[in-house]
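**Student:** Following this line is target.cif, made up of mmCIF, C-alpha atoms and all ligand atoms:
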```cif
data_start
loop_
_atom_site.label_atom_id
_atom_site.label_comp_id
_atom_site.auth_asym_id
_atom_site.auth_seq_id
_atom_site.Cartn_x
_atom_site.Cartn_y
_atom_site.Cartn_z
CA MET A 1322 -27.02 -8.94 14.09
CA ILE A 1323 -24.60 -11.60 15.30
CA ASP A 1324 -23.56 -11.50 18.93
CA LEU A 1325 -19.80 -11.21 18.83
CA LEU A 1326 -18.90 -9.67 22.15
CA ASP A 1327 -18.81 -11.42 25.50
CA GLY A 1328 -22.24 -10.38 26.68
CA GLY A 1329 -22.84 -7.26 28.75
CA ARG A 1330 -24.15 -3.94 27.56
CA LEU A 1331 -22.47 -4.10 24.18
CA GLU A 1332 -23.94 -7.39 23.03
CA GLY A 1333 -24.48 -7.68 19.29
CA ILE A 1334 -22.75 -4.48 18.40
CA GLY A 1335 -20.34 -6.00 15.88
CA ARG A 1336 -16.60 -5.92 15.40
CA PHE A 1337 -15.71 -3.39 12.71
CA TRP A 1338 -16.53 0.22 13.47
CA LEU A 1339 -15.85 3.52 11.73
CA ALA A 1340 -13.50 5.52 13.99
CA PRO A 1341 -14.16 9.19 14.75
CA MET A 1342 -12.41 11.56 12.35
CA ALA A 1343 -12.69 15.33 12.73
CA GLY A 1344 -13.88 16.99 9.53
CA ILE A 1345 -14.63 13.61 7.93
CA THR A 1346 -17.10 11.35 9.75
CA ASP A 1347 -20.10 13.55 9.03
CA ALA A 1348 -23.58 12.14 8.41
CA PRO A 1349 -23.16 11.38 4.66
CA PHE A 1350 -19.85 9.55 5.14
CA ARG A 1351 -21.19 7.67 8.17
CA THR A 1352 -24.17 6.59 6.08
CA ILE A 1353 -21.94 5.33 3.27
CA ALA A 1354 -19.78 3.40 5.76
CA HIS A 1355 -22.92 1.93 7.35
CA ARG A 1356 -24.25 0.84 3.96
CA ARG A 1357 -20.87 -0.77 3.18
CA GLY A 1358 -20.80 -2.85 6.35
CA ALA A 1359 -19.58 -0.71 9.27
CA GLU A 1360 -21.34 -2.08 12.33
CA LEU A 1361 -21.21 1.19 14.22
CA VAL A 1362 -20.13 4.61 13.02
CA PHE A 1363 -18.77 7.49 15.08
CA THR A 1364 -19.32 11.18 14.65
CA GLU A 1365 -16.27 13.38 14.55
CA MET A 1366 -15.32 14.71 17.97
CA ILE A 1367 -17.87 17.23 19.15
CA SER A 1368 -17.12 19.92 21.72
CA ALA A 1369 -19.28 19.25 24.77
CA GLU A 1370 -19.13 22.89 25.72
CA ALA A 1371 -20.24 24.16 22.31
CA LEU A 1372 -23.05 21.62 22.30
CA VAL A 1373 -24.33 22.70 25.69
CA ARG A 1374 -24.10 26.36 24.59
CA ARG A 1375 -26.26 25.25 21.65
CA ASN A 1376 -23.82 26.51 19.04
CA ARG A 1377 -25.68 26.06 15.75
CA ASN A 1378 -22.86 24.39 13.79
CA THR A 1379 -22.08 22.05 16.65
CA LEU A 1380 -25.72 21.11 17.10
CA SER A 1381 -25.90 20.26 13.40
CA MET A 1382 -23.14 17.65 13.93
CA LEU A 1383 -25.57 15.82 16.18
CA GLU A 1384 -28.44 15.86 13.73
CA PRO A 1385 -29.27 12.25 12.85
CA SER A 1386 -30.81 13.39 9.57
CA LEU A 1387 -29.70 10.33 7.60
CA ASP A 1388 -30.04 6.69 8.54
CA CYS A 1389 -26.51 5.61 9.39
CA GLY A 1390 -27.46 2.62 11.53
CA ARG A 1391 -25.95 2.44 14.97
CA TRP A 1392 -24.00 5.58 15.61
CA GLY A 1393 -21.80 6.78 18.41
CA VAL A 1394 -21.14 10.35 19.45
CA GLN A 1395 -17.65 11.32 20.50
CA LEU A 1396 -17.46 14.20 22.94
CA VAL A 1397 -14.44 16.26 23.83
CA GLY A 1398 -14.37 18.29 27.01
CA SER A 1399 -13.03 18.46 30.54
CA ASP A 1400 -15.82 19.74 32.77
CA PRO A 1401 -17.67 16.70 34.17
CA LYS A 1402 -21.07 18.39 34.30
CA THR A 1403 -20.77 19.88 30.81
CA VAL A 1404 -19.69 16.56 29.28
CA ALA A 1405 -22.56 14.81 31.08
CA ASP A 1406 -25.09 17.39 29.83
CA ALA A 1407 -23.76 16.99 26.28
CA ALA A 1408 -23.97 13.20 26.63
CA ARG A 1409 -27.63 13.53 27.61
CA MET A 1410 -28.26 15.61 24.48
CA ALA A 1411 -26.52 12.98 22.33
CA GLU A 1412 -28.53 10.18 23.89
CA ALA A 1413 -31.75 12.11 23.26
CA LYS A 1414 -30.77 12.36 19.58
CA GLY A 1415 -30.51 8.56 19.40
CA ALA A 1416 -26.79 7.86 19.86
CA SER A 1417 -26.06 4.18 20.60
CA ILE A 1418 -22.88 4.92 22.53
CA ILE A 1419 -21.17 7.98 23.99
CA ASP A 1420 -17.40 8.11 23.66
CA ILE A 1421 -15.18 10.54 25.52
CA ASN A 1422 -12.09 11.71 23.66
CA MET A 1423 -8.90 11.22 25.68
CA GLY A 1424 -6.46 11.19 22.81
CA CYS A 1425 -6.69 14.38 20.76
CA PRO A 1426 -3.25 16.05 20.91
CA VAL A 1427 -4.24 19.37 19.28
CA PRO A 1428 -2.86 22.25 21.44
CA LYS A 1429 -6.19 24.11 21.45
CA VAL A 1430 -7.82 21.01 22.98
CA VAL A 1431 -5.14 20.03 25.50
CA ALA A 1432 -4.87 23.65 26.69
CA HIS A 1433 -8.34 23.13 28.16
CA LYS A 1434 -7.29 19.88 29.87
CA ALA A 1435 -9.34 17.93 27.32
CA GLY A 1436 -8.37 15.21 24.81
CA ALA A 1437 -4.91 13.74 25.41
CA ALA A 1438 -4.34 16.06 28.39
CA LEU A 1439 -6.71 13.82 30.34
CA LEU A 1440 -4.14 11.02 30.17
CA ARG A 1441 -2.33 12.93 32.94
CA GLU A 1442 -5.46 13.72 34.96
CA PRO A 1443 -6.66 10.47 36.57
CA GLN A 1444 -8.87 12.20 39.14
CA LEU A 1445 -10.59 14.31 36.49
CA VAL A 1446 -11.08 11.21 34.32
CA ALA A 1447 -12.86 9.50 37.22
CA GLU A 1448 -15.14 12.51 37.63
CA ILE A 1449 -15.93 12.87 33.93
CA VAL A 1450 -16.60 9.18 33.34
CA GLY A 1451 -18.62 8.89 36.55
CA SER A 1452 -20.80 11.85 35.71
CA VAL A 1453 -21.41 10.73 32.11
CA ARG A 1454 -22.15 7.20 33.31
CA ARG A 1455 -24.80 8.52 35.69
CA ALA A 1456 -26.27 10.85 33.05
CA VAL A 1457 -27.08 8.33 30.29
CA SER A 1458 -28.30 4.78 29.98
CA VAL A 1459 -26.57 3.96 26.67
CA PRO A 1460 -23.04 2.46 26.78
CA VAL A 1461 -20.15 4.82 27.50
CA SER A 1462 -16.61 4.43 26.16
CA VAL A 1463 -13.35 6.33 26.30
CA LYS A 1464 -10.83 6.55 23.47
CA LEU A 1465 -7.24 6.80 24.65
CA ARG A 1466 -3.80 7.30 23.24
CA ALA A 1467 -1.01 5.16 24.75
CA GLY A 1468 0.15 8.02 26.93
CA TRP A 1469 1.19 11.63 27.06
CA ARG A 1470 4.90 11.02 26.38
CA ALA A 1471 6.86 7.79 25.85
CA PRO A 1472 7.77 5.59 27.55
CA LYS A 1473 5.07 6.03 30.24
CA VAL A 1474 1.93 4.17 29.16
CA ASP A 1475 -0.68 6.25 30.99
CA ALA A 1476 -3.46 4.38 29.18
CA PHE A 1477 -3.32 1.39 31.55
CA GLU A 1478 -4.00 3.45 34.68
CA ILE A 1479 -6.59 5.66 32.95
CA ALA A 1480 -8.38 2.60 31.54
CA ARG A 1481 -8.48 0.99 34.98
CA ILE A 1482 -10.07 4.12 36.43
CA ALA A 1483 -12.54 4.43 33.56
CA GLU A 1484 -13.50 0.79 33.99
CA ALA A 1485 -14.03 1.26 37.71
CA GLU A 1486 -16.29 4.24 36.98
CA GLY A 1487 -18.53 2.14 34.74
CA THR A 1488 -17.14 2.54 31.21
CA ASP A 1489 -18.49 -0.18 28.92
CA LEU A 1490 -15.63 -0.22 26.42
CA ILE A 1491 -12.11 1.19 26.19
CA ALA A 1492 -10.68 2.15 22.82
CA LEU A 1493 -6.93 2.48 22.40
CA HIS A 1494 -4.98 4.16 19.62
CA PRO A 1495 -1.54 2.99 20.76
CA ARG A 1496 0.62 5.95 19.90
CA PHE A 1497 1.83 8.60 22.34
CA ALA A 1498 0.25 12.03 22.14
CA ASP A 1499 3.28 13.59 20.45
CA GLU A 1500 3.65 10.83 17.84
CA ASN A 1501 2.34 10.99 14.31
CA TYR A 1502 1.59 8.27 11.79
CA SER A 1503 5.27 7.72 10.94
CA THR A 1504 5.57 5.78 14.22
CA PRO A 1505 3.82 2.43 13.83
CA ALA A 1506 0.86 1.81 16.16
CA ARG A 1507 2.00 -0.46 19.02
CA TRP A 1508 -0.55 -3.24 18.77
CA GLU A 1509 1.14 -5.07 21.66
CA LEU A 1510 -0.27 -2.37 23.96
CA ILE A 1511 -3.79 -3.24 22.78
CA ALA A 1512 -3.10 -6.88 23.67
CA GLU A 1513 -1.79 -5.88 27.09
CA LEU A 1514 -4.77 -3.61 27.76
CA LYS A 1515 -7.14 -6.41 26.77
CA ALA A 1516 -5.41 -8.75 29.23
CA ARG A 1517 -5.74 -6.19 32.05
CA LEU A 1518 -9.45 -5.34 31.64
CA LYS A 1519 -12.80 -7.03 31.96
CA VAL A 1520 -14.67 -4.64 29.65
CA PRO A 1521 -14.36 -5.00 25.86
CA VAL A 1522 -11.44 -3.29 24.15
CA ALA A 1523 -11.42 -1.59 20.75
CA GLY A 1524 -8.13 -1.32 18.90
CA SER A 1525 -7.26 1.51 16.54
CA GLY A 1526 -4.24 2.14 14.37
CA ASP A 1527 -2.78 1.15 11.01
CA VAL A 1528 -5.72 -0.96 9.87
CA MET A 1529 -5.50 -0.19 6.17
CA SER A 1530 -6.85 -3.47 4.79
CA GLU A 1531 -9.26 -6.26 5.71
CA ALA A 1532 -6.26 -8.51 6.34
CA ALA A 1533 -4.91 -6.04 8.90
CA ALA A 1534 -8.35 -5.76 10.53
CA VAL A 1535 -8.56 -9.51 11.10
CA ARG A 1536 -4.91 -9.69 12.10
CA MET A 1537 -5.51 -7.06 14.80
CA ILE A 1538 -8.19 -9.28 16.33
CA GLU A 1539 -5.96 -12.35 16.14
CA GLU A 1540 -2.83 -10.66 17.49
CA THR A 1541 -4.37 -8.53 20.23
CA GLY A 1542 -7.60 -10.31 21.17
CA CYS A 1543 -9.46 -6.99 20.85
CA ASP A 1544 -13.24 -7.14 20.64
CA VAL A 1545 -13.73 -4.30 18.17
CA VAL A 1546 -11.54 -2.86 15.42
CA LEU A 1547 -11.86 0.86 14.76
CA ILE A 1548 -10.99 1.80 11.20
CA ALA A 1549 -10.14 5.41 10.33
CA ARG A 1550 -7.80 6.21 7.40
CA GLY A 1551 -8.36 2.79 5.87
CA ALA A 1552 -11.99 3.72 5.17
CA LEU A 1553 -11.17 6.90 3.24
CA GLY A 1554 -12.09 6.19 -0.36
CA ASP A 1555 -12.59 2.56 0.64
CA PRO A 1556 -15.74 2.19 2.78
CA TRP A 1557 -16.00 -1.38 1.41
CA ILE A 1558 -13.20 -2.29 3.83
CA PHE A 1559 -15.91 -3.04 6.42
CA GLU A 1560 -17.75 -5.65 4.37
CA ARG A 1561 -14.47 -7.19 3.25
CA ALA A 1562 -13.25 -7.44 6.86
CA ARG A 1563 -16.53 -9.02 7.97
CA ALA A 1564 -16.38 -11.56 5.14
CA LEU A 1565 -12.75 -12.38 5.85
CA LEU A 1566 -13.44 -12.91 9.54
CA ALA A 1567 -16.59 -14.97 8.96
CA ARG A 1568 -15.57 -17.02 5.94
CA GLY A 1569 -11.83 -16.65 5.52
CA THR A 1570 -12.22 -14.97 2.12
CA SER A 1571 -13.32 -11.57 0.93
CA SER A 1572 -14.31 -9.86 -2.29
CA PRO A 1573 -11.78 -8.01 -4.45
CA LYS A 1574 -11.33 -4.25 -4.20
CA PRO A 1575 -14.14 -2.24 -5.84
CA SER A 1576 -14.14 -1.67 -9.59
CA PRO A 1577 -14.01 1.87 -11.02
CA GLU A 1578 -17.74 1.48 -11.79
CA GLU A 1579 -18.55 0.68 -8.18
CA ARG A 1580 -16.39 3.60 -7.01
CA LEU A 1581 -18.33 5.97 -9.28
CA ARG A 1582 -21.67 4.56 -8.12
CA THR A 1583 -20.64 5.05 -4.50
CA PHE A 1584 -19.34 8.56 -5.13
CA VAL A 1585 -22.68 9.54 -6.72
CA GLU A 1586 -24.62 7.97 -3.85
CA HIS A 1587 -22.37 9.81 -1.38
CA LEU A 1588 -22.83 13.09 -3.25
CA ASN A 1589 -26.61 12.72 -3.18
CA LEU A 1590 -26.51 12.11 0.57
CA ALA A 1591 -24.39 15.24 0.95
CA LEU A 1592 -26.99 17.23 -0.99
CA GLU A 1593 -29.71 15.99 1.36
CA VAL A 1594 -28.02 17.68 4.29
CA TRP A 1595 -25.96 20.57 2.93
CA SER A 1596 -26.07 23.43 0.47
CA GLU A 1597 -24.31 22.91 -2.88
CA ASP A 1598 -21.32 24.96 -1.71
CA VAL A 1599 -20.76 22.92 1.42
CA ALA A 1600 -21.33 19.67 -0.46
CA LEU A 1601 -18.79 20.69 -3.11
CA HIS A 1602 -16.19 21.56 -0.50
CA ARG A 1603 -16.70 18.35 1.48
CA MET A 1604 -17.06 15.98 -1.50
CA LYS A 1605 -13.92 17.06 -3.35
CA LYS A 1606 -11.66 15.28 -0.88
CA HIS A 1607 -13.81 12.16 -0.94
CA LEU A 1608 -13.67 12.07 -4.74
CA MET A 1609 -9.88 12.29 -4.56
CA TRP A 1610 -9.86 9.36 -2.12
CA TYR A 1611 -12.25 7.30 -4.26
CA SER A 1612 -9.89 7.75 -7.20
CA SER A 1613 -6.75 6.78 -5.33
CA GLY A 1614 -4.77 3.85 -6.66
CA LEU A 1615 -6.23 4.12 -10.18
CA ALA A 1616 -4.13 5.12 -13.18
CA GLY A 1617 -4.04 8.90 -13.63
CA SER A 1618 -5.36 9.63 -10.15
CA ARG A 1619 -2.66 12.15 -9.35
CA ARG A 1620 -3.58 14.35 -12.33
CA PHE A 1621 -7.24 13.83 -11.56
CA ARG A 1622 -6.77 15.04 -7.98
CA LYS A 1623 -5.32 18.32 -9.27
CA MET A 1624 -8.34 18.81 -11.53
CA VAL A 1625 -10.73 18.05 -8.69
CA SER A 1626 -8.98 20.47 -6.42
CA GLY A 1627 -9.48 23.33 -8.91
CA CYS A 1628 -13.12 22.48 -9.64
CA GLY A 1629 -15.64 25.19 -8.74
CA ASP A 1630 -19.09 23.63 -9.14
CA LEU A 1631 -20.85 20.37 -8.44
CA LYS A 1632 -22.02 19.70 -11.96
CA SER A 1633 -18.46 19.82 -13.30
CA LEU A 1634 -17.30 17.69 -10.38
CA ALA A 1635 -19.85 15.00 -11.22
CA SER A 1636 -19.00 14.94 -14.94
CA MET A 1637 -15.28 14.94 -14.15
CA ALA A 1638 -15.86 11.88 -11.96
CA GLU A 1639 -17.90 10.13 -14.65
CA ARG A 1640 -15.17 10.64 -17.24
CA PHE A 1641 -12.34 9.61 -14.93
CA PHE A 1642 -13.91 6.36 -13.74
CA ALA A 1643 -15.12 5.43 -17.26
CA GLU A 1644 -11.58 5.81 -18.57
CA ALA A 1645 -10.15 3.96 -15.58
CA LYS A 1646 -12.60 1.18 -16.40
CA ASP A 1647 -11.55 1.07 -20.04
CA GLY A 1648 -7.93 1.03 -19.04
CA ALA A 1649 -8.42 -1.67 -16.40
C1 LIG B 1701 -8.32 13.18 9.71
C2 LIG B 1701 -8.39 12.48 11.03
C3 LIG B 1701 -9.19 12.98 12.02
C4 LIG B 1701 -9.27 12.34 13.26
N1 LIG B 1701 -10.12 12.83 14.20
C5 LIG B 1701 -10.29 12.14 15.37
C6 LIG B 1701 -11.28 12.54 16.31
O1 LIG B 1701 -12.04 13.50 16.10
N2 LIG B 1701 -11.38 11.83 17.46
C7 LIG B 1701 -10.58 10.74 17.71
O2 LIG B 1701 -10.70 10.11 18.77
N3 LIG B 1701 -9.66 10.33 16.83
C8 LIG B 1701 -9.51 11.00 15.67
N4 LIG B 1701 -8.61 10.54 14.75
C9 LIG B 1701 -7.82 9.33 15.06
C10 LIG B 1701 -8.50 8.08 14.50
O3 LIG B 1701 -9.77 7.86 15.07
C11 LIG B 1701 -7.63 6.83 14.71
O4 LIG B 1701 -7.53 6.53 16.08
C12 LIG B 1701 -6.22 6.99 14.14
O5 LIG B 1701 -6.24 7.64 12.88
C13 LIG B 1701 -5.54 5.63 13.95
O6 LIG B 1701 -6.30 4.80 13.14
P1 LIG B 1701 -6.01 4.54 11.55
O7 LIG B 1701 -4.60 4.05 11.45
O8 LIG B 1701 -7.06 3.51 11.20
O9 LIG B 1701 -6.16 5.84 10.85
C14 LIG B 1701 -8.50 11.17 13.51
C15 LIG B 1701 -7.70 10.67 12.50
C16 LIG B 1701 -7.64 11.29 11.26
C17 LIG B 1701 -6.78 10.70 10.17
#
```
Take the structure from the file and write it as structure tokens.
Ligand SMILES: Cc1cc2nc3c(=O)[nH]c(=O)nc-3n(C[C@H](O)[C@H](O)[C@H](O)COP(=O)(O)O)c2cc1C

**Tutor:**
Amino acid sequence: MIDLLDGGRLEGIGRFWLAPMAGITDAPFRTIAHRRGAELVFTEMISAEALVRRNRNTLSMLEPSLDCGRWGVQLVGSDPKTVADAARMAEAKGASIIDINMGCPVPKVVAHKAGAALLREPQLVAEIVGSVRRAVSVPVSVKLRAGWRAPKVDAFEIARIAEAEGTDLIALHPRFADENYSTPARWELIAELKARLKVPVAGSGDVMSEAAAVRMIEETGCDVVLIARGALGDPWIFERARALLARGTSSPKPSPEERLRTFVEHLNLALEVWSEDVALHRMKKHLMWYSSGLAGSRRFRKMVSGCGDLKSLASMAERFFAEAKDGA
């Protein structure tokens, strides 16, 4: 792998990573993203407390049953010892990096002083990061929102503390905790954070194309680009971004044939780790995303949503992409 970062613990870890997405970045999707060029892939956020309690479903999120290359585990929690114990478990499972979620705005999470609530708890951040840092030898990162409420950018102070406690990378999704996607991500805050810190910075937000991924690096100077929504139905975005950065050109968007091939590969990975029922439930939304942008995809999505078994789902997909190909 090419060394793209400025030395230190994260050497050679690449520039385009799959961002954590709850309910989405499970092992099959991480594997697909890895095979399509993501240089590191994150789990969805995992409750440190549930992990330490050995909750069966939560433990299964940590199961590295498929080869998804370098993978990071994102933990959410607020008790320093619990998060450190969970980090140890993640390291033992082979995680390449442990990220601590300091951006999730969901009320159930912030009520426990976790996620975005930590943006207002500098002392607790120091304790959590310090205890995780001491617990594991793999790199540790934190993923922040810009702040709790505009206009106060809490991320700068929190990042400074996290850096002082030994964090190896700071990721920033530059929206405030009460903002949704209708507010554009403030990339200028990523640039400012980068200028303030010594450790590498990962930017997140509104990277929906390879052009945007490369532009984020150029405009902000960030070391890593985290891609979330832009990878849904388009895991090829990682190889296109890498090609664009390295050579200045990238391949066209995938053909309907390639989308079908990838959907089938993804479905087979899902069947390696889940029952047919779970695979059906999880793969329906991916199939809808794989179809997006093609003629007739809106009608197709309705059909997919009403589909009750995997066999029908697979033949539905075959028909749709074959017709999309003919019509292309
Ligand atoms: C469905 C969904 C689930 C998400 N879950 C998480 C999560 O578990 N942890 C986290 O730090 N961010 C989570 N995010 C935020 C993304 O990682 C990312 O920071 C944000 O979507 C902005 O990037 P994008 O514009 O590339 O989507 C989630 C985003 C989406 C769309």

**Student:** What separation in Å, quoted to one decimal, exists between atom CA of Gln1444 of chain A and atom CA of Met1423 of chain A?

**Tutor:** 13.5 Å

**Student:** With distances taken over all atoms listed in the file, which of A:Arg1603, A:Phe1641, A:Leu1634, A:Asp1544 is nearest to Glu1578 of chain A?

**Tutor:**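 With all atoms listed in the file as the atom set, the closest residue is A:Phe1641.
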
**Student:** Residues of segment 1547-1613 of chain A that approach segment 1331-1335 of chain A to 12 Å or less, counting all atoms listed in the file: could you list each one with the shortest pair of atoms and its distance in Å to one decimal, rows by chain and increasing residue number, as a Markdown table?

**Tutor:**
```
| residue | atom | partner | partner_atom | distance |
| --- | --- | --- | --- | --- |
| A:Leu1547 | CA | A:Gly1335 | CA | 11.0 |
| A:Phe1559 | CA | A:Gly1335 | CA | 10.9 |
| A:Glu1560 | CA | A:Gly1335 | CA | 11.8 |
| A:Ala1562 | CA | A:Gly1335 | CA | 11.6 |
| A:Arg1563 | CA | A:Gly1335 | CA | 9.3 |
| A:Leu1566 | CA | A:Gly1335 | CA | 11.6 |
| A:Ala1567 | CA | A:Gly1335 | CA | 11.9 |
```

**Student:** Using all atoms of segment 1398-1410 of chain A that appear in the file, construct an axis-aligned enclosing box with 5 Å of padding on every side and provide its centre coordinates and edge lengths in Å, rounded to one decimal, as lines of an AutoDock Vina configuration file.

**Tutor:**
```
center_x = -20.6
center_y = 16.5
center_z = 29.4
size_x = 25.2
size_y = 16.7
size_z = 19.8
```

**Student:** Calculate how many Å separate atom CA of Ser1503 of chain A from atom CA of Ser1399 of chain A, rounding to one decimal.

**Tutor:**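 Spanning atom CA of Ser1503 of chain A to atom CA of Ser1399 of chain A is a straight-line distance of 28.9 Å.
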
**Student:** Distance table requested - chain A against ligand LIG 1701 (chain B), cut-off 8 Å, only C-alpha atoms and all ligand atoms: one row per qualifying residue with the closest atom pair and its distance in Å to one decimal, ordered by chain and rising residue number, as CSV.

**Tutor:**
```
residue,atom,partner,partner_atom,distance
A:Ala1340,CA,B:LIG1701,O3,4.5
A:Pro1341,CA,B:LIG1701,O3,4.6
A:Met1342,CA,B:LIG1701,N1,3.2
A:Ala1343,CA,B:LIG1701,N1,3.9
A:Gly1344,CA,B:LIG1701,C3,6.7
A:Ile1345,CA,B:LIG1701,C1,6.6
A:Thr1364,CA,B:LIG1701,O1,7.8
A:Glu1365,CA,B:LIG1701,O1,4.5
A:Met1366,CA,B:LIG1701,O1,4.0
A:Ile1367,CA,B:LIG1701,O1,7.6
A:Gln1395,CA,B:LIG1701,N2,7.0
A:Asn1422,CA,B:LIG1701,O2,5.3
A:Met1423,CA,B:LIG1701,O2,7.2
A:Gly1424,CA,B:LIG1701,O2,6.0
A:Cys1425,CA,B:LIG1701,C7,6.1
A:Lys1464,CA,B:LIG1701,O2,5.9
A:Leu1465,CA,B:LIG1701,O2,7.6
A:Leu1493,CA,B:LIG1701,O4,7.5
A:His1494,CA,B:LIG1701,O4,5.0
A:Tyr1502,CA,B:LIG1701,O7,7.5
A:Ala1506,CA,B:LIG1701,O7,7.6
A:Ser1525,CA,B:LIG1701,O6,4.8
A:Gly1526,CA,B:LIG1701,O7,3.5
A:Asp1527,CA,B:LIG1701,O7,3.5
A:Val1528,CA,B:LIG1701,O8,4.9
A:Met1529,CA,B:LIG1701,O8,6.4
A:Leu1547,CA,B:LIG1701,O8,6.5
A:Ile1548,CA,B:LIG1701,O8,4.3
A:Ala1549,CA,B:LIG1701,O8,3.7
A:Arg1550,CA,B:LIG1701,O9,3.8
A:Gly1551,CA,B:LIG1701,O8,5.5
A:Ala1552,CA,B:LIG1701,O8,7.8
```
